[in-house]
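*Asks:* Dropping a structure here in structure tokens format, bear with me for questions.
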Amino acid sequence: MLTLDDFDFDLPGELIAQHPTGERTASRLLQVKGSALADQRFSALPGLLAAGDLLVFNDTRVIRARLVGRKESGGQIEVLIERIVDSRHAVAQIRASKSPKAGSRIVLEEAICLIVEGRSGEHGEFFALQLADDSAERGADEGDLWTLIERHGRLPLPPYITHPAGVDDEARYQTVFARHPGAVAAPTAGLHFDAALLAQIAQCGVEVAWLTLHVGAGTFQPVRVHHVAEHRMHAERFAIPQATIAAIARTRARGGKIVAVGTTSLRALEAAAQRGELRAGPAETDIFITPGYEFRVVDRLITNFHLPRSTLLMLVSAFAGVDAIRCAYRHAIAERYRFFSYGDAMLLTRGSA
């Protein structure tokens, strides 16, 4: 039985990338196929793909989900939106010296008044929030939660990035193809692409397709159980257009490979195929991919390097093989690759492919 210890490793703190590279495509790329490793530059990606392959991107857009403020009692509070449910309701993580009680009010960024409806989530780790009817009287601009949060919120950089979000982060912690707002963390494999690289990929005869999975704050939640099989994932929303389903069918018919750009794209595709046939449309998934999982859709995966003991490390271990990932991570640390959201990338081939 797999335990957290099977997915642990020592990472020197200085390898955690605090800032992006000067250019999006300037990062390094470790090509991994079983025990074979090759050091590349990300700009070399078009040459590592074949005409007829399909890249599937996540076009979610990061919202300004971090807000600070105060409780009615005056205590300081920090909120990280997990998801905006509708124009008046949201689910969020809250940090405060004392958790707010159900029915109490919080005022964020001196502009947004919310009512705490109560705890939410399987372990009560989130709070359900509602926009107060008199929010405008408390200083909020007119508009719904989407508008208010985008106007007054702050970019939610991951907890391992130690500086406050600046101007550079506003641009670089967002993919160049981000379209549909709703994520509170970037699909970081997509951060390596710029318009010129996308054009070069198209010129090489590689097709592209899109889906949307809104990454939730739960992506940074630690695994709190020792035995991996006992962990439960937070549900995330996704939508796959019919055009993407058709592109996958064309790629299969011509013998091309399905290349997921990021674990979020992979999770959405595999979740949509859990009942056999790949299905288009909106859905939610709490799929938990660990070694032993049988992949139905994705042949290759572009992804960054992930945190020790994380569900994403378990996912890539399932995809490429536990031994292959351990070998790749040892190599990456020895060769001083940069880790996590602003770090370098890997191109993985599925273990059985």
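Identifiers for the structure tokens are assigned positionally: chains receive A, B, ... in sequence, residues are indexed from 1 per chain, and ligands are indexed from 1 in the order shown.
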Please list as a PyMOL selection string every residue within 6 Å of segment 218-234 of chain A, counting only C-alpha atoms and excluding residues in the same chain fewer than 2 positions away.

*Replies:* chain A and resi 2-4+216+286

*Asks:* Let me see the file: selected residues, N, CA and C atoms, as an mmCIF file, in the first residue's frame.

*Replies:*
data_model
loop_
_atom_site.group_PDB
_atom_site.id
_atom_site.type_symbol
_atom_site.label_atom_id
_atom_site.label_comp_id
_atom_site.auth_asym_id
_atom_site.auth_seq_id
_atom_site.Cartn_x
_atom_site.Cartn_y
_atom_site.Cartn_z
ATOM 1 N N LEU A 2 0.601 2.163 -0.926
ATOM 2 C CA LEU A 2 1.406 3.373 -1.047
ATOM 3 C C LEU A 2 1.160 4.323 0.120
ATOM 4 N N THR A 3 2.254 4.928 0.586
ATOM 5 C CA THR A 3 2.147 5.913 1.659
ATOM 6 C C THR A 3 2.788 7.226 1.204
ATOM 7 N N LEU A 4 2.603 8.265 2.005
ATOM 8 C CA LEU A 4 3.201 9.556 1.687
ATOM 9 C C LEU A 4 4.718 9.465 1.559
ATOM 10 N N GLY A 216 -8.693 25.008 -8.224
ATOM 11 C CA GLY A 216 -9.143 25.516 -6.936
ATOM 12 C C GLY A 216 -8.012 25.652 -5.940
ATOM 13 N N ASP A 286 -13.448 14.884 -8.951
ATOM 14 C CA ASP A 286 -12.536 14.736 -7.812
ATOM 15 C C ASP A 286 -11.629 13.538 -8.062
#

*Asks:* Env of segment 69-74 of chain A: 8 Å cut, atoms = only C-alpha atoms, seq-sep filter 5 positions within chain, self excluded. Answer as a compact mmCIF listing (two decimals) with N, CA, C and O atoms, in the first residue's frame.

*Replies:*
# COMPACT_ATOMS: atom_id res chain seq x y z
N PRO A 100 -14.35 33.11 11.85
CA PRO A 100 -15.62 33.83 11.95
C PRO A 100 -16.79 32.86 12.15
O PRO A 100 -16.78 31.74 11.63
N SER A 104 -22.00 35.97 10.88
CA SER A 104 -21.21 37.19 11.06
C SER A 104 -20.83 37.79 9.72
O SER A 104 -20.97 37.16 8.68
N ARG A 105 -20.35 39.03 9.77
CA ARG A 105 -19.97 39.74 8.55
C ARG A 105 -18.46 39.96 8.51
O ARG A 105 -17.83 40.12 9.55
N ILE A 106 -17.95 40.00 7.29
CA ILE A 106 -16.56 40.39 7.09
C ILE A 106 -16.53 41.45 5.99
O ILE A 106 -17.35 41.43 5.07
N VAL A 107 -15.59 42.37 6.11
CA VAL A 107 -15.42 43.42 5.12
C VAL A 107 -14.02 43.28 4.52
O VAL A 107 -13.03 43.32 5.24
N LEU A 108 -13.97 43.09 3.20
CA LEU A 108 -12.71 42.83 2.51
C LEU A 108 -12.30 44.02 1.66
O LEU A 108 -13.14 44.58 0.93
N GLU A 109 -11.03 44.38 1.77
CA GLU A 109 -10.44 45.47 0.98
C GLU A 109 -11.24 46.77 1.11
O GLU A 109 -11.26 47.59 0.20
N GLU A 110 -11.90 46.94 2.28
CA GLU A 110 -12.70 48.14 2.55
C GLU A 110 -13.76 48.37 1.48
O GLU A 110 -14.21 49.49 1.25

*Asks:* Might you pull out every residue within 12 Å of Glu78 of chain A, with only C-alpha atoms counted and same-chain residues fewer than 2 positions away left off, and present them as a PyMOL selection string?

*Replies:* chain A and resi 65-71+75-76+80-81+92-100+106-109+153-154+156

*Asks:* Those same residues - C-alpha atoms - I'd like them written as a tab-separated table (two decimals), in the first residue's frame.

*Replies:*
chain	number	residue	atom	x	y	z
A	65	ALA	CA	-8.86	35.64	-5.45
A	66	ARG	CA	-6.79	36.87	-2.47
A	67	LEU	CA	-8.39	39.55	-0.28
A	68	VAL	CA	-7.59	40.98	3.15
A	69	GLY	CA	-9.91	42.77	5.53
A	70	ARG	CA	-11.50	42.54	8.92
A	71	LYS	CA	-14.26	40.88	10.88
A	75	GLY	CA	-9.95	41.24	13.89
A	76	GLN	CA	-7.78	40.97	10.79
A	80	LEU	CA	-8.60	33.03	-0.53
A	81	ILE	CA	-11.56	32.37	-2.80
A	92	ALA	CA	-13.27	30.37	0.41
A	93	GLN	CA	-10.45	29.58	2.78
A	94	ILE	CA	-10.20	32.03	5.68
A	95	ARG	CA	-7.19	32.79	7.84
A	96	ALA	CA	-7.84	34.63	11.10
A	97	SER	CA	-6.82	34.46	14.75
A	98	LYS	CA	-10.33	33.14	15.43
A	99	SER	CA	-12.55	31.69	12.72
A	100	PRO	CA	-15.62	33.83	11.95
A	106	ILE	CA	-16.56	40.39	7.09
A	107	VAL	CA	-15.42	43.42	5.12
A	108	LEU	CA	-12.71	42.83	2.51
A	109	GLU	CA	-10.44	45.47	0.98
A	153	GLY	CA	-8.79	41.44	-5.08
A	154	ARG	CA	-5.13	40.52	-5.34
A	156	PRO	CA	-3.17	34.69	-5.47

*Asks:* Run DSSP on the backbone and tell me which residues of segment 78-324 of chain A come out as strand (DSSP E or B); list them as a PyMOL selection string.

*Replies:* chain A and resi 78-84+89-96+105-108+112-120+126-131+154+180-183+207-213+227+236-240+258-261+281-285+300-304

*Asks:* Just want the 6 Å neighbourhood of Ala17 of chain A, counted on only C-alpha atoms, with same-chain residues fewer than 3 positions away dropped. Output as a compact mmCIF listing (two decimals) with C-alpha atoms, in the first residue's frame.

*Replies:*
# COMPACT_ATOMS: atom_id res chain seq x y z
CA ARG A 338 14.00 25.29 -11.10
CA PHE A 339 10.93 23.90 -9.31
CA TYR A 342 7.68 29.55 -12.03
CA GLY A 343 10.10 26.70 -12.57

*Asks:* Would you list the contacts of Tyr329 of chain A as a list of chain:residue names, taking every protein, DNA or RNA residue within 9 Å and counting only C-alpha atoms, but skipping same-chain residues closer than 5 positions in sequence?

*Replies:*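 Skipping anything fewer than 5 positions along the chain leaves A:Phe9, A:Phe305, A:Ala324, A:Ala334.
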
*Asks:* Under the rule that only C-alpha atoms are counted, which of A:Leu30, A:Ala217, A:Ile258, A:Ala36 is the nearest residue to Ala186 of chain A?

*Replies:*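 Closest residue, counting only C-alpha atoms: A:Ala217.
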
*Asks:* Nearest residue to Pro159 of chain A out of A:Ser341, A:Thr349, A:Gln274, A:Gln174, using only C-alpha atoms?

*Replies:*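 The answer is A:Ser341, which sits nearest to Pro159 of chain A.
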
*Asks:* Write out as a list in words each polymer residue whose atoms come within 8 Å of Ala283 of chain A, counting only C-alpha atoms; drop sequence neighbours fewer than 6 positions from it.

*Replies:*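 Residues near the query, excluding close chain neighbours: Arg237, Phe238 and Ala239 of chain A.
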
*Asks:* Have a look at A:Val32, A:Leu145, A:Val91, A:Leu347 and name the one nearest to Gly124 of chain A; count only C-alpha atoms.

*Replies:* A:Val91

*Asks:* Per DSSP on the backbone, what are the helix (DSSP H, G or I) residues of segment 101-194 of chain A, as a list in words?

*Replies:*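 The helix (DSSP H, G or I) subset of segment 101-194 of chain A is Ser135, Ala136, Glu137, Arg138, Leu145, Trp146, Thr147, Leu148, Ile149, Glu150, Arg151, His152, Val167, Asp168, Asp169, Glu170, Ala171, Arg172, Thr188, Ala189, Gly190, Leu191 and His192 of chain A.
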
*Asks:* Please provide as a PyMOL selection string all residues within 12 Å of Ala253 of chain A, with the sequence filter that same-chain residues fewer than 6 positions apart are discarded (counting only C-alpha atoms).

*Replies:* chain A and resi 52-54+246-247

*Asks:* Those selected residues, please, written with N, CA, C and O atoms and delivered as a short mmCIF file (atom, residue, chain, number, x, y, z; two decimals), in the first residue's frame.

*Replies:*
data_model
loop_
_atom_site.label_atom_id
_atom_site.label_comp_id
_atom_site.auth_asym_id
_atom_site.auth_seq_id
_atom_site.Cartn_x
_atom_site.Cartn_y
_atom_site.Cartn_z
N GLY A 52 0.84 15.75 -36.71
CA GLY A 52 -0.31 14.89 -36.44
C GLY A 52 -0.61 14.73 -34.96
O GLY A 52 -1.66 14.19 -34.59
N ASP A 53 0.32 15.16 -34.08
CA ASP A 53 0.04 15.15 -32.65
C ASP A 53 -0.98 16.23 -32.30
O ASP A 53 -1.23 17.15 -33.09
N LEU A 54 -1.53 16.14 -31.11
CA LEU A 54 -2.50 17.12 -30.62
C LEU A 54 -2.09 17.61 -29.24
O LEU A 54 -1.91 16.80 -28.33
N ALA A 246 -13.72 16.06 -30.97
CA ALA A 246 -13.52 15.74 -32.38
C ALA A 246 -12.04 15.76 -32.75
O ALA A 246 -11.57 14.91 -33.53
N ALA A 247 -11.28 16.71 -32.21
CA ALA A 247 -9.84 16.78 -32.49
C ALA A 247 -9.12 15.55 -31.97
O ALA A 247 -8.19 15.03 -32.61
#

*Asks:* Smallest atom-to-atom distance to Ser87 of chain A: which of A:Gln130, A:Val56, A:Leu45, A:Val116, using only C-alpha atoms?

*Replies:*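 Smallest separation from Ser87 of chain A among the options: A:Gln130.
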